[in-house]
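Q: Take a look at this one; I'll ask things after.
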Amino acid sequence: MEQQQPDDTDDVTPPPESEEFRNWLELPPEVTATILHKVGAFDILNHAQKVCTSWLHICKDPSMWRSIDIHDSNAYGDYWFDTEGMARHAVDRSCGQLLEINIEYFGTDEFIHYLALNASKLRRLRLVSCHYVTEDVLKDTAAKFPYLEELEVQSTPFSTAAVEAVGRNCPRMKSLKSNALGYSPLQAQHDDVAVVIAETMPQLCHLQLIGNKMTNDGLEVILNGCLCLESLDLRGSYVLDQEADNIIKICSERIKTVRFPNEPIGEDEFRGKGMEHDQYSYGSLDSYSFDYLDHFEVEEPFDFDDGDLFFHEDDDLFDEEEEEWPWM
């Protein structure tokens with residue numbers, strides 16, 4: 001009788017002991033906190049903190065919430081998430097220690113006012129495509145951000161009066177970035193914005209005015225008023241006459257980094273990029289893998305009950321048969 005050859009598929013060798021997944025609960029709390037920082041606010045509030053009691057305690061530590069980065073999460077799955085409610089809860093978790101926040105594709109005036117009341121130590125504020133935020137909300141709240149150093153407003157209404165309020169109430173301002181393409185309120189003021197910046201923010205180191213309708217006179221006012229400028233971004237500001245008054249030469253001589261009106265603007269440069277992380281933040285979601293959540297040992301399931309931490313709204317809005325939202 002012919003001897004049957006063994007099937008390679010039947011030869012299942014258990015992994016050596018050294019390759020077994022370690023128990024993540026044995027990690028020191030500070031190491032776990034560093035890892036969870038990289039997950040981001042959305043996944044901490046909706047997933048990570050529900051893994052076990054020890055992770056919940058770590059996720060409630062205010063130091064976890066000094067930097068908050070939240071995008072509109074309604075594309076994350078079949079649920080319709082209350083993104084603004086999530087952002088408010090993240091601000092609450094910081095217990096006044098919040099240093100920087102980035103919000104994209106959501107937000108209202110009410111949220112900015114809430115932030116002003118609960119984040120007086122804020123140093124960096126970034127608003128991207130916050131279409132329900134009105135142009136004057138920062139005029140009304142600027143006085144509540146006395147430590148603000150960096151403000152970035154992209155594709156979000158931002159009035160000249162708001163720029164002036166920030167300049168007069170935030171004496172530590174070092175960086176102002178605005179992408180006004182598609183928003184006439186800031187564009188229509190011509191040199192008014194330039195004059196306000198020069199008068200109220202002489203200490204600026206970095207200025208970005210993309211799509212602004214500033215003239216050569218306005219640029220001259222900025223150059224004479226903001227003597228500390230290290231970088232100036234004028235892309236899309238096509239009213240400027242680069243051939244007149246030796247603008248290119250003057251800017252290049254006075255400022256280390258200059259981007260002129262005719263230089264290209266990347267299609268995705270101002271969408272979903274997130275904050276440039278430094279000493280106030282703890283990593284980028286783009287460069288981090290969530291694989292560490294796939295395999296690990298956890299303690300016995302615990303009874304999670306923390307009130308308003310379930311941020312998905314009525315999923316009856318979703319039509320399971322047609323697999324699309326009713327209004328699409």
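Following the order of the structure tokens, first chain is A, next is B, and so on, with residues numbered from 1 inside each chain and ligands from 1 in the order they appear.
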Residues of segment 117-168 of chain A in helix (DSSP H, G or I) according to DSSP, as an mmCIF file with N, CA and C atoms, in the first residue's frame?

A:
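Below is the file states_35.cif, written as the result:
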data_model
loop_
_atom_site.group_PDB
_atom_site.id
_atom_site.type_symbol
_atom_site.label_atom_id
_atom_site.label_comp_id
_atom_site.auth_asym_id
_atom_site.auth_seq_id
_atom_site.Cartn_x
_atom_site.Cartn_y
_atom_site.Cartn_z
ATOM 1 N N LEU A 117 -15.482 79.342 27.031
ATOM 2 C CA LEU A 117 -15.787 79.266 28.458
ATOM 3 C C LEU A 117 -14.979 78.190 29.176
ATOM 4 N N ASN A 118 -14.520 77.193 28.441
ATOM 5 C CA ASN A 118 -13.909 76.025 29.083
ATOM 6 C C ASN A 118 -12.465 75.758 28.677
ATOM 7 N N VAL A 137 -17.977 85.255 15.100
ATOM 8 C CA VAL A 137 -17.961 84.561 16.388
ATOM 9 C C VAL A 137 -16.634 84.761 17.121
ATOM 10 N N LEU A 138 -15.534 84.843 16.382
ATOM 11 C CA LEU A 138 -14.250 85.072 17.040
ATOM 12 C C LEU A 138 -14.130 86.507 17.547
ATOM 13 N N LYS A 139 -14.876 87.413 16.944
ATOM 14 C CA LYS A 139 -14.908 88.780 17.474
ATOM 15 C C LYS A 139 -15.518 88.776 18.870
ATOM 16 N N ASP A 140 -16.528 87.939 19.055
ATOM 17 C CA ASP A 140 -17.244 87.891 20.329
ATOM 18 C C ASP A 140 -16.523 87.072 21.394
ATOM 19 N N THR A 141 -15.615 86.202 20.984
ATOM 20 C CA THR A 141 -14.981 85.282 21.949
ATOM 21 C C THR A 141 -13.483 85.490 22.123
ATOM 22 N N ALA A 142 -12.863 86.324 21.314
ATOM 23 C CA ALA A 142 -11.397 86.461 21.337
ATOM 24 C C ALA A 142 -10.861 86.802 22.718
ATOM 25 N N ALA A 143 -11.593 87.614 23.460
ATOM 26 C CA ALA A 143 -11.123 88.023 24.790
ATOM 27 C C ALA A 143 -11.008 86.853 25.755
ATOM 28 N N LYS A 144 -11.670 85.735 25.442
ATOM 29 C CA LYS A 144 -11.623 84.556 26.317
ATOM 30 C C LYS A 144 -10.411 83.668 26.021
ATOM 31 N N THR A 160 -13.195 90.894 9.073
ATOM 32 C CA THR A 160 -12.142 91.828 9.466
ATOM 33 C C THR A 160 -12.268 92.199 10.937
ATOM 34 N N ALA A 161 -13.501 92.360 11.408
ATOM 35 C CA ALA A 161 -13.727 92.681 12.822
ATOM 36 C C ALA A 161 -13.211 91.567 13.719
ATOM 37 N N ALA A 162 -13.351 90.316 13.277
ATOM 38 C CA ALA A 162 -12.845 89.185 14.059
ATOM 39 C C ALA A 162 -11.322 89.199 14.098
ATOM 40 N N VAL A 163 -10.697 89.510 12.952
ATOM 41 C CA VAL A 163 -9.233 89.608 12.916
ATOM 42 C C VAL A 163 -8.754 90.676 13.900
ATOM 43 N N GLU A 164 -9.430 91.810 13.902
ATOM 44 C CA GLU A 164 -9.044 92.897 14.803
ATOM 45 C C GLU A 164 -9.214 92.494 16.267
ATOM 46 N N ALA A 165 -10.315 91.817 16.581
ATOM 47 C CA ALA A 165 -10.556 91.391 17.963
ATOM 48 C C ALA A 165 -9.478 90.428 18.434
ATOM 49 N N VAL A 166 -9.077 89.518 17.560
ATOM 50 C CA VAL A 166 -8.007 88.580 17.915
ATOM 51 C C VAL A 166 -6.711 89.341 18.175
ATOM 52 N N GLY A 167 -6.403 90.297 17.295
ATOM 53 C CA GLY A 167 -5.175 91.061 17.463
ATOM 54 C C GLY A 167 -5.134 91.862 18.753
ATOM 55 N N ARG A 168 -6.269 92.423 19.135
ATOM 56 C CA ARG A 168 -6.302 93.283 20.321
ATOM 57 C C ARG A 168 -6.406 92.485 21.623
#

Q: Env of Asn216 of chain A: 7 Å cut, atoms = only C-alpha atoms, seq-sep filter 4 positions within chain, self excluded. Answer as JSON, numbers by chain.

A: {"A": [220, 240, 241]}

Q: Based on DSSP run over this structure's backbone, return all residues of segment 35-280 of chain A in strand (DSSP E or B), as a PyMOL selection string.

A: chain A and resi 67-71+81+100-104+108+124-128+132+150-154+175-179+206-210+231-233+257-259

Q: Might you pull out every residue within 9 Å of Gln242 of chain A, with only C-alpha atoms counted and same-chain residues fewer than 3 positions away left off, and present them as JSON, numbers by chain?

A: {"A": [216, 245, 246, 247, 248, 260, 261]}

Q: Mind checking which residues fall within 7 Å of Asn262 of chain A, counting only C-alpha atoms, ignoring those fewer than 2 positions away in the same chain, and posting them as a list in words?

A: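 These residues fall inside the cut-off: Arg235, Gly236, Phe260 and Pro264 of chain A.
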
Q: Could you give me, as a list in words, the residues within 6 Å of segment 101-108 of chain A, counting only C-alpha atoms and dropping anything in the same chain fewer than 4 positions from it?

A: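 What passes the distance filter is Ser67, Ile68, Asp69, Ile70, His71, Asp72, Leu125, Arg126, Leu127, Val128, Ser129, Cys130, Tyr132 and Val133 of chain A.
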
Q: Take the residues that were just selected and, keeping N, CA and C atoms, output them as a compact mmCIF listing (two decimals), in the first residue's frame.

A:
# COMPACT_ATOMS: atom_id res chain seq x y z
N SER A 67 -4.51 68.06 23.80
CA SER A 67 -4.57 68.25 22.35
C SER A 67 -5.75 67.45 21.81
N ILE A 68 -6.65 68.12 21.09
CA ILE A 68 -7.85 67.47 20.56
C ILE A 68 -7.92 67.70 19.06
N ASP A 69 -8.11 66.61 18.31
CA ASP A 69 -8.21 66.67 16.85
C ASP A 69 -9.43 65.87 16.45
N ILE A 70 -10.50 66.55 16.03
CA ILE A 70 -11.74 65.86 15.68
C ILE A 70 -12.24 66.36 14.33
N HIS A 71 -12.52 65.40 13.44
CA HIS A 71 -13.14 65.70 12.16
C HIS A 71 -14.59 65.24 12.22
N ASP A 72 -15.42 65.75 11.31
CA ASP A 72 -16.79 65.26 11.24
C ASP A 72 -16.73 63.77 10.98
N LEU A 125 -5.66 77.26 17.83
CA LEU A 125 -7.03 76.98 17.36
C LEU A 125 -7.00 76.86 15.86
N ARG A 126 -7.54 75.74 15.36
CA ARG A 126 -7.58 75.50 13.91
C ARG A 126 -9.00 75.15 13.51
N LEU A 127 -9.57 75.91 12.58
CA LEU A 127 -10.93 75.70 12.09
C LEU A 127 -10.86 75.46 10.59
N VAL A 128 -11.35 74.31 10.15
CA VAL A 128 -11.31 73.96 8.73
C VAL A 128 -12.71 73.60 8.25
N SER A 129 -13.19 74.34 7.26
CA SER A 129 -14.50 74.07 6.66
C SER A 129 -15.60 73.97 7.71
N CYS A 130 -15.60 74.90 8.63
CA CYS A 130 -16.65 74.97 9.66
C CYS A 130 -17.73 75.92 9.14
N TYR A 132 -20.86 76.28 9.53
CA TYR A 132 -21.93 76.79 10.39
C TYR A 132 -21.40 77.74 11.46
N VAL A 133 -20.13 78.04 11.37
CA VAL A 133 -19.53 79.06 12.24
C VAL A 133 -19.65 80.39 11.52

Q: Using only C-alpha atoms for the distances, tell me which of A:Gly85, A:Pro157, A:Pro29, A:Gly211 is nearest to Glu263 of chain A.

A: A:Gly211

Q: Between A:Leu99, A:Ala48, A:Ala41, A:Val31, which one has atoms that come closest to Thr83 of chain A, using only C-alpha atoms?

A: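 Looking at the shortest contact to Thr83 of chain A, the residue is A:Ala41.
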
Q: What does the structure give for the distance between atom CA of Ala194 of chain A and atom CA of Arg123 of chain A, in Å to one decimal?

A: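 Between atom CA of Ala194 of chain A and atom CA of Arg123 of chain A the gap is 22.9 Å.
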
Q: Need the shell around segment 224-226 of chain A: protein/DNA/RNA residues with any atom at most 8 Å away, counting only C-alpha atoms. Skip same-chain ones fewer than 5 positions apart. Format as an NGL selection string?

A: :A and (198-199 or 201-204)

Q: Between atom CA of His206 of chain A and atom CA of Arg259 of chain A, what is the distance, to one decimal in Å?

A: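 So the two atoms, atom CA of His206 of chain A and atom CA of Arg259 of chain A, lie 11.8 Å apart.
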